[in-house]
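Okay, model.csv now, which holds CSV, N, CA and C atoms:
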```
chain,number,residue,atom,x,y,z
A,1,MET,N,161.0,131.6,-9.0
A,1,MET,CA,160.9,131.5,-7.5
A,1,MET,C,162.3,131.8,-6.9
A,2,VAL,N,163.3,131.2,-7.4
A,2,VAL,CA,164.6,131.4,-6.9
A,2,VAL,C,165.0,132.9,-7.0
A,3,PHE,N,164.7,133.4,-8.2
A,3,PHE,CA,165.1,134.8,-8.4
A,3,PHE,C,164.4,135.8,-7.4
A,4,LYS,N,163.1,135.5,-7.2
A,4,LYS,CA,162.4,136.4,-6.3
A,4,LYS,C,162.7,136.1,-4.8
A,5,GLN,N,162.6,134.9,-4.4
A,5,GLN,CA,162.7,134.5,-3.0
A,5,GLN,C,164.1,134.4,-2.4
A,6,LEU,N,165.0,134.0,-3.3
A,6,LEU,CA,166.4,133.6,-2.8
A,6,LEU,C,167.5,134.5,-3.4
A,7,SER,N,167.1,135.7,-3.8
A,7,SER,CA,168.1,136.5,-4.5
A,7,SER,C,169.3,137.0,-3.5
A,8,ASN,N,169.1,136.9,-2.2
A,8,ASN,CA,170.1,137.3,-1.3
A,8,ASN,C,171.1,136.2,-0.9
A,9,ILE,N,170.9,135.0,-1.5
A,9,ILE,CA,171.7,133.8,-1.2
A,9,ILE,C,172.6,133.6,-2.4
A,10,GLY,N,173.9,133.3,-2.1
A,10,GLY,CA,174.9,133.2,-3.2
A,10,GLY,C,174.7,131.9,-4.0
A,11,PRO,N,175.2,131.9,-5.3
A,11,PRO,CA,175.0,130.8,-6.2
A,11,PRO,C,175.6,129.5,-5.6
A,12,LEU,N,176.8,129.6,-5.0
A,12,LEU,CA,177.4,128.4,-4.5
A,12,LEU,C,176.6,127.8,-3.4
A,13,GLN,N,176.0,128.6,-2.5
A,13,GLN,CA,175.2,128.1,-1.4
A,13,GLN,C,173.9,127.5,-2.0
A,14,LEU,N,173.3,128.1,-3.0
A,14,LEU,CA,172.1,127.6,-3.6
A,14,LEU,C,172.3,126.2,-4.2
A,15,ALA,N,173.4,126.1,-4.9
A,15,ALA,CA,173.7,124.8,-5.6
A,15,ALA,C,174.0,123.8,-4.5
A,16,SER,N,174.7,124.1,-3.5
A,16,SER,CA,175.1,123.2,-2.4
A,16,SER,C,173.9,122.6,-1.7
A,17,VAL,N,172.9,123.5,-1.4
A,17,VAL,CA,171.7,123.0,-0.7
A,17,VAL,C,170.9,122.1,-1.6
A,18,ALA,N,170.7,122.6,-2.9
A,18,ALA,CA,169.9,121.8,-3.9
A,18,ALA,C,170.5,120.4,-4.1
A,19,LEU,N,171.8,120.3,-4.3
A,19,LEU,CA,172.5,119.0,-4.5
A,19,LEU,C,172.5,118.2,-3.3
A,20,SER,N,172.7,118.8,-2.1
A,20,SER,CA,172.7,118.0,-0.8
A,20,SER,C,171.3,117.4,-0.6
A,21,LEU,N,170.3,118.1,-0.9
A,21,LEU,CA,168.9,117.6,-0.7
A,21,LEU,C,168.7,116.4,-1.7
A,22,ASN,N,169.3,116.5,-2.9
A,22,ASN,CA,169.2,115.4,-3.8
A,22,ASN,C,169.9,114.2,-3.4
A,23,ALA,N,170.9,114.4,-2.5
A,23,ALA,CA,171.7,113.2,-2.1
A,23,ALA,C,170.9,112.3,-1.2
A,24,ILE,N,169.9,112.8,-0.6
A,24,ILE,CA,169.1,111.9,0.3
A,24,ILE,C,168.4,110.8,-0.5
A,25,PRO,N,167.6,111.2,-1.5
A,25,PRO,CA,167.0,110.1,-2.3
A,25,PRO,C,168.0,109.2,-3.0
A,26,ALA,N,169.1,109.8,-3.4
A,26,ALA,CA,170.1,109.0,-4.1
A,26,ALA,C,170.7,108.0,-3.1
A,27,LEU,N,170.9,108.4,-1.8
A,27,LEU,CA,171.4,107.4,-0.8
A,27,LEU,C,170.4,106.3,-0.6
A,28,ILE,N,169.1,106.6,-0.6
A,28,ILE,CA,168.1,105.6,-0.4
A,28,ILE,C,168.1,104.6,-1.6
A,29,VAL,N,168.3,105.1,-2.8
A,29,VAL,CA,168.4,104.2,-4.0
A,29,VAL,C,169.6,103.3,-3.9
A,30,LEU,N,170.8,103.9,-3.5
A,30,LEU,CA,172.0,103.1,-3.3
A,30,LEU,C,171.8,102.0,-2.3
A,31,ILE,N,171.2,102.3,-1.2
A,31,ILE,CA,171.0,101.3,-0.1
A,31,ILE,C,170.0,100.2,-0.7
A,32,TYR,N,168.9,100.7,-1.3
A,32,TYR,CA,167.9,99.7,-1.8
A,32,TYR,C,168.4,98.8,-2.8
A,33,THR,N,169.3,99.3,-3.7
A,33,THR,CA,169.8,98.5,-4.8
A,33,THR,C,171.0,97.6,-4.4
A,34,GLY,N,171.5,97.7,-3.1
A,34,GLY,CA,172.6,96.9,-2.6
A,34,GLY,C,174.0,97.4,-3.1
A,35,TYR,N,174.1,98.7,-3.4
A,35,TYR,CA,175.4,99.2,-3.9
A,35,TYR,C,176.5,99.0,-2.8
A,36,PHE,N,176.1,99.2,-1.5
A,36,PHE,CA,177.2,99.2,-0.5
A,36,PHE,C,177.6,97.7,-0.2
A,37,ASN,N,176.9,96.8,-0.7
A,37,ASN,CA,177.3,95.4,-0.5
A,37,ASN,C,178.3,94.9,-1.6
A,38,LEU,N,178.5,95.7,-2.6
A,38,LEU,CA,179.4,95.3,-3.7
A,38,LEU,C,180.8,95.4,-3.3
A,39,SER,N,181.7,94.6,-3.9
A,39,SER,CA,183.1,94.7,-3.6
A,39,SER,C,183.7,95.8,-4.4
A,40,LEU,N,184.4,96.7,-3.6
A,40,LEU,CA,185.0,97.9,-4.3
A,40,LEU,C,186.4,97.5,-4.9
A,41,ALA,N,186.7,96.2,-4.8
A,41,ALA,CA,188.0,95.8,-5.5
A,41,ALA,C,187.8,95.6,-7.0
A,42,SER,N,186.5,95.6,-7.4
A,42,SER,CA,186.2,95.4,-8.8
A,42,SER,C,186.6,96.7,-9.6
A,43,THR,N,187.3,96.6,-10.7
A,43,THR,CA,187.6,97.7,-11.5
A,43,THR,C,186.4,98.4,-12.1
A,44,ASP,N,185.4,97.6,-12.5
A,44,ASP,CA,184.2,98.1,-13.1
A,44,ASP,C,183.4,99.0,-12.1
A,45,ILE,N,183.4,98.5,-10.8
A,45,ILE,CA,182.6,99.3,-9.8
A,45,ILE,C,183.3,100.6,-9.5
A,46,LEU,N,184.7,100.6,-9.4
A,46,LEU,CA,185.4,101.8,-9.1
A,46,LEU,C,185.3,102.8,-10.3
A,47,ARG,N,185.4,102.3,-11.5
A,47,ARG,CA,185.3,103.1,-12.7
A,47,ARG,C,183.9,103.7,-12.8
A,48,SER,N,182.9,102.9,-12.6
A,48,SER,CA,181.5,103.5,-12.6
A,48,SER,C,181.3,104.5,-11.5
A,49,THR,N,181.7,104.2,-10.3
A,49,THR,CA,181.6,105.2,-9.2
A,49,THR,C,182.3,106.5,-9.5
A,50,GLY,N,183.5,106.4,-10.1
A,50,GLY,CA,184.3,107.5,-10.4
A,50,GLY,C,183.6,108.4,-11.5
A,51,ALA,N,183.1,107.7,-12.5
A,51,ALA,CA,182.4,108.4,-13.6
A,51,ALA,C,181.1,109.1,-13.1
A,52,ALA,N,180.4,108.4,-12.2
A,52,ALA,CA,179.2,109.0,-11.6
A,52,ALA,C,179.6,110.2,-10.7
A,53,ALA,N,180.6,110.1,-10.0
A,53,ALA,CA,181.1,111.2,-9.1
A,53,ALA,C,181.6,112.4,-10.0
A,54,ALA,N,182.3,112.1,-11.1
A,54,ALA,CA,182.7,113.2,-12.0
A,54,ALA,C,181.6,113.9,-12.6
A,55,LEU,N,180.6,113.1,-13.1
A,55,LEU,CA,179.4,113.6,-13.7
A,55,LEU,C,178.6,114.5,-12.7
A,56,GLY,N,178.5,114.1,-11.5
A,56,GLY,CA,177.8,114.8,-10.5
A,56,GLY,C,178.6,116.1,-10.1
A,57,ILE,N,179.9,116.0,-9.9
A,57,ILE,CA,180.6,117.1,-9.4
A,57,ILE,C,180.9,118.1,-10.6
A,58,LEU,N,181.5,117.6,-11.6
A,58,LEU,CA,181.9,118.5,-12.7
A,58,LEU,C,180.8,119.0,-13.6
A,59,ALA,N,179.8,118.1,-13.8
A,59,ALA,CA,178.7,118.6,-14.7
A,59,ALA,C,177.6,119.2,-14.0
A,60,THR,N,176.9,118.4,-13.1
A,60,THR,CA,175.7,118.9,-12.4
A,60,THR,C,176.0,120.1,-11.5
A,61,ALA,N,177.0,119.9,-10.6
A,61,ALA,CA,177.3,121.0,-9.6
A,61,ALA,C,177.8,122.2,-10.3
A,62,LEU,N,178.7,122.1,-11.2
A,62,LEU,CA,179.2,123.3,-12.0
A,62,LEU,C,178.1,123.9,-12.8
A,63,ALA,N,177.3,123.1,-13.5
A,63,ALA,CA,176.2,123.7,-14.2
A,63,ALA,C,175.2,124.4,-13.3
A,64,SER,N,174.9,123.9,-12.2
A,64,SER,CA,174.0,124.5,-11.2
A,64,SER,C,174.6,125.9,-10.8
A,65,ILE,N,175.8,125.9,-10.4
A,65,ILE,CA,176.4,127.2,-10.0
A,65,ILE,C,176.4,128.2,-11.1
A,66,ILE,N,176.8,127.8,-12.3
A,66,ILE,CA,176.7,128.7,-13.4
A,66,ILE,C,175.3,129.2,-13.7
A,67,PHE,N,174.3,128.3,-13.6
A,67,PHE,CA,172.9,128.7,-13.8
A,67,PHE,C,172.5,129.8,-12.7
A,68,TYR,N,172.9,129.6,-11.5
A,68,TYR,CA,172.5,130.5,-10.5
A,68,TYR,C,173.2,131.9,-10.6
A,69,VAL,N,174.4,131.8,-11.1
A,69,VAL,CA,175.2,133.1,-11.4
A,69,VAL,C,174.5,133.8,-12.5
A,70,LEU,N,174.1,133.0,-13.6
A,70,LEU,CA,173.4,133.6,-14.7
A,70,LEU,C,172.0,134.2,-14.3
A,71,LEU,N,171.4,133.5,-13.4
A,71,LEU,CA,170.1,133.9,-12.9
A,71,LEU,C,170.2,135.3,-12.1
A,72,LYS,N,171.3,135.4,-11.3
A,72,LYS,CA,171.5,136.6,-10.6
A,72,LYS,C,171.9,137.8,-11.5
A,73,ASN,N,172.7,137.5,-12.5
A,73,ASN,CA,173.3,138.6,-13.3
A,73,ASN,C,172.4,139.0,-14.5
A,74,ALA,N,171.7,138.0,-15.1
A,74,ALA,CA,171.0,138.3,-16.3
A,74,ALA,C,169.5,138.3,-16.1
A,75,GLY,N,169.0,137.7,-15.0
A,75,GLY,CA,167.6,137.7,-14.7
A,75,GLY,C,166.9,136.4,-15.0
A,76,ALA,N,165.7,136.2,-14.5
A,76,ALA,CA,165.0,135.0,-14.6
A,76,ALA,C,164.6,134.6,-16.0
A,77,VAL,N,164.2,135.6,-16.8
A,77,VAL,CA,163.7,135.3,-18.1
A,77,VAL,C,164.8,134.8,-19.0
A,78,PHE,N,166.0,135.4,-19.0
A,78,PHE,CA,167.1,135.0,-19.8
A,78,PHE,C,167.6,133.6,-19.3
A,79,ALA,N,167.7,133.4,-18.0
A,79,ALA,CA,168.2,132.1,-17.5
A,79,ALA,C,167.2,131.0,-17.9
A,80,SER,N,165.9,131.2,-17.8
A,80,SER,CA,165.0,130.2,-18.2
A,80,SER,C,165.1,129.9,-19.7
A,81,MET,N,165.3,130.9,-20.5
A,81,MET,CA,165.5,130.7,-22.0
A,81,MET,C,166.7,129.9,-22.3
A,82,VAL,N,167.7,130.0,-21.5
A,82,VAL,CA,168.9,129.2,-21.8
A,82,VAL,C,168.7,127.8,-21.5
A,83,THR,N,167.8,127.4,-20.5
A,83,THR,CA,167.6,126.0,-20.2
A,83,THR,C,166.8,125.3,-21.4
A,84,TYR,N,166.1,126.1,-22.2
A,84,TYR,CA,165.3,125.5,-23.3
A,84,TYR,C,166.2,125.0,-24.3
A,85,GLY,N,167.4,125.5,-24.4
A,85,GLY,CA,168.3,125.0,-25.5
A,85,GLY,C,169.1,123.8,-25.1
A,86,VAL,N,169.0,123.3,-23.8
A,86,VAL,CA,169.8,122.2,-23.3
A,86,VAL,C,169.5,120.9,-24.1
A,87,PRO,N,168.3,120.5,-24.4
A,87,PRO,CA,168.0,119.3,-25.2
A,87,PRO,C,168.6,119.4,-26.6
A,88,ALA,N,168.6,120.5,-27.2
A,88,ALA,CA,169.1,120.7,-28.6
A,88,ALA,C,170.7,120.6,-28.5
A,89,VAL,N,171.3,121.2,-27.5
A,89,VAL,CA,172.7,121.1,-27.4
A,89,VAL,C,173.1,119.6,-27.1
A,90,ALA,N,172.3,119.0,-26.2
A,90,ALA,CA,172.7,117.6,-25.9
A,90,ALA,C,172.6,116.7,-27.2
A,91,ILE,N,171.6,116.9,-28.0
A,91,ILE,CA,171.6,116.1,-29.2
A,91,ILE,C,172.7,116.4,-30.2
A,92,PHE,N,173.0,117.7,-30.3
A,92,PHE,CA,174.2,118.2,-31.1
A,92,PHE,C,175.5,117.5,-30.6
A,93,LEU,N,175.7,117.5,-29.3
A,93,LEU,CA,176.9,116.9,-28.8
A,93,LEU,C,176.9,115.4,-29.0
A,94,GLY,N,175.7,114.8,-28.9
A,94,GLY,CA,175.6,113.4,-29.2
A,94,GLY,C,176.0,113.0,-30.6
A,95,ILE,N,175.6,113.9,-31.5
A,95,ILE,CA,176.0,113.7,-32.9
A,95,ILE,C,177.5,113.9,-33.1
A,96,LEU,N,178.1,114.9,-32.5
A,96,LEU,CA,179.5,115.1,-32.6
A,96,LEU,C,180.3,113.9,-32.0
A,97,ARG,N,179.7,113.2,-31.0
A,97,ARG,CA,180.4,112.1,-30.3
A,97,ARG,C,180.0,110.8,-31.0
A,98,LYS,N,179.3,110.9,-32.1
A,98,LYS,CA,178.9,109.7,-32.9
A,98,LYS,C,178.0,108.7,-32.2
A,99,GLU,N,177.2,109.3,-31.3
A,99,GLU,CA,176.2,108.5,-30.6
A,99,GLU,C,175.0,108.2,-31.4
A,100,ASP,N,174.3,107.2,-31.1
A,100,ASP,CA,173.1,106.9,-31.9
A,100,ASP,C,172.0,107.8,-31.4
A,101,ILE,N,171.5,108.6,-32.4
A,101,ILE,CA,170.4,109.5,-32.1
A,101,ILE,C,169.2,109.0,-32.9
A,102,GLY,N,168.2,108.6,-32.1
A,102,GLY,CA,167.0,108.0,-32.8
A,102,GLY,C,165.8,108.9,-32.8
A,103,TRP,N,164.7,108.4,-33.3
A,103,TRP,CA,163.5,109.2,-33.4
A,103,TRP,C,163.0,109.6,-32.0
A,104,GLU,N,163.3,108.7,-31.0
A,104,GLU,CA,162.9,109.1,-29.6
A,104,GLU,C,163.5,110.4,-29.1
A,105,GLN,N,164.8,110.6,-29.3
A,105,GLN,CA,165.4,111.8,-28.9
A,105,GLN,C,164.9,113.0,-29.6
A,106,ILE,N,164.7,112.8,-30.9
A,106,ILE,CA,164.2,114.0,-31.7
A,106,ILE,C,162.7,114.3,-31.3
A,107,ALA,N,161.9,113.2,-31.1
A,107,ALA,CA,160.5,113.4,-30.6
A,107,ALA,C,160.5,114.1,-29.3
A,108,CYS,N,161.4,113.8,-28.4
A,108,CYS,CA,161.4,114.4,-27.1
A,108,CYS,C,161.8,115.9,-27.2
A,109,LEU,N,162.8,116.1,-28.1
A,109,LEU,CA,163.2,117.5,-28.3
A,109,LEU,C,162.0,118.4,-28.8
A,110,VAL,N,161.3,117.8,-29.8
A,110,VAL,CA,160.1,118.5,-30.3
A,110,VAL,C,159.1,118.7,-29.2
A,111,LEU,N,158.9,117.7,-28.4
A,111,LEU,CA,157.9,117.8,-27.3
A,111,LEU,C,158.3,118.9,-26.3
A,112,ILE,N,159.5,119.0,-26.0
A,112,ILE,CA,160.0,120.0,-25.0
A,112,ILE,C,159.8,121.4,-25.6
A,113,LEU,N,160.2,121.6,-26.9
A,113,LEU,CA,160.1,122.9,-27.5
A,113,LEU,C,158.7,123.3,-27.8
A,114,THR,N,157.8,122.3,-28.0
A,114,THR,CA,156.4,122.5,-28.2
A,114,THR,C,155.8,123.0,-26.8
A,115,GLY,N,156.2,122.4,-25.8
A,115,GLY,CA,155.7,122.8,-24.4
A,115,GLY,C,156.2,124.2,-24.1
A,116,VAL,N,157.4,124.5,-24.5
A,116,VAL,CA,157.9,125.9,-24.2
A,116,VAL,C,157.1,126.9,-25.1
A,117,PHE,N,156.8,126.5,-26.3
A,117,PHE,CA,156.0,127.4,-27.2
A,117,PHE,C,154.6,127.6,-26.6
A,118,VAL,N,154.0,126.6,-26.2
A,118,VAL,CA,152.6,126.7,-25.7
A,118,VAL,C,152.6,127.5,-24.4
A,119,ALA,N,153.6,127.3,-23.5
A,119,ALA,CA,153.7,128.0,-22.2
A,119,ALA,C,153.9,129.5,-22.5
A,120,ASN,N,154.7,129.8,-23.5
A,120,ASN,CA,154.9,131.2,-23.9
A,120,ASN,C,153.7,131.9,-24.5
A,121,ILE,N,152.9,131.1,-25.3
A,121,ILE,CA,151.7,131.7,-25.8
A,121,ILE,C,150.7,132.0,-24.7
A,122,LYS,N,150.6,131.1,-23.8
A,122,LYS,CA,149.6,131.3,-22.6
A,122,LYS,C,150.1,132.5,-21.8
A,123,SER,N,151.4,132.6,-21.5
A,123,SER,CA,151.9,133.7,-20.7
A,123,SER,C,151.8,135.1,-21.4
A,124,ASN,N,152.0,135.1,-22.7
A,124,ASN,CA,151.8,136.3,-23.5
A,124,ASN,C,150.4,136.7,-23.6
A,125,LYS,N,149.5,135.8,-23.7
A,125,LYS,CA,148.0,136.2,-23.7
A,125,LYS,C,147.6,136.7,-22.4
A,126,GLN,N,148.2,136.2,-21.3
A,126,GLN,CA,147.8,136.7,-20.0
A,126,GLN,C,148.3,138.2,-19.8
A,127,LEU,N,149.4,138.5,-20.4
A,127,LEU,CA,150.0,139.8,-20.3
A,127,LEU,C,149.1,140.9,-21.0
A,128,GLU,N,148.4,140.5,-22.0
A,128,GLU,CA,147.6,141.4,-22.9
A,128,GLU,C,146.4,141.9,-22.2
```

Could I get this structure in the form of structure tokens?
Amino acid sequence: MVFKQLSNIGPLQLASVALSLNAIPALIVLIYTGYFNLSLASTDILRSTGAAAALGILATALASIIFYVLLKNAGAVFASMVTYGVPAVAIFLGILRKEDIGWEQIACLVLILTGVFVANIKSNKQLE
């Protein structure tokens, strides 16, 4: 949909709008959970807020921009194929970081890849 309908909009603008719209429900959650009533003098609160901001800015925003650049340059099919590998890469990085990888993570990876396989079978049969 982005490839067809929004191809004339730049990757930075697309990522900005998408993440800005996600900020609305995030703000509602922060208000509802009482985040703004917490004391910012706490080191744990500042560290957690900084980590969340870094994750949002460095990981999510940068990944979104790179995805939209990839979408424009390589096309929708290749860009969607790249996203299928994200769960496998996440598990691999978790193993490198010596995180606990349980059967739940492996089962979810298999479930995602099975869904991709089934979706591709259906789309290939429709093309015939």

Atom-to-atom span, CA of Gln105 (chain A) and atom C of Val29 (chain A), Å: 26.7 Å

Using Å and a single decimal, report how far CA of Leu58 (chain A) sits from CA of Leu113 (chain A). 26.7 Å

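Here atom N of Val86 (chain A) stands at a distance of 9.6 Å from atom C of Ile112 (chain A).
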
Each region 14-41 of chain A residue no farther than 12 Å from region 45-54 of chain A, nearest pair in Å, only C-alpha atoms, as a Markdown table:
```
| residue | atom | partner | partner_atom | distance |
| --- | --- | --- | --- | --- |
| A:Ala23 | CA | A:Ala53 | CA | 11.9 |
| A:Ala26 | CA | A:Ala52 | CA | 11.8 |
| A:Leu30 | CA | A:Thr49 | CA | 11.5 |
| A:Tyr35 | CA | A:Ile45 | CA | 9.3 |
| A:Phe36 | CA | A:Ile45 | CA | 10.8 |
| A:Asn37 | CA | A:Ile45 | CA | 11.4 |
| A:Leu38 | CA | A:Ile45 | CA | 8.0 |
| A:Ser39 | CA | A:Ile45 | CA | 7.7 |
| A:Leu40 | CA | A:Ile45 | CA | 6.2 |
| A:Ala41 | CA | A:Leu46 | CA | 7.5 |
```

Run DSSP on the backbone and grab whatever in region 22-100 of chain A lands in alpha helix (DSSP H); send it over as an MDAnalysis selection string. chainID A and resid 22:33 43:54 62:74 76:84 86:96

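Among the candidates A:Val82, A:Ile91, A:Leu96, A:Val17, the one nearest to Leu70 (chain A) when counting only C-alpha atoms is A:Val82.
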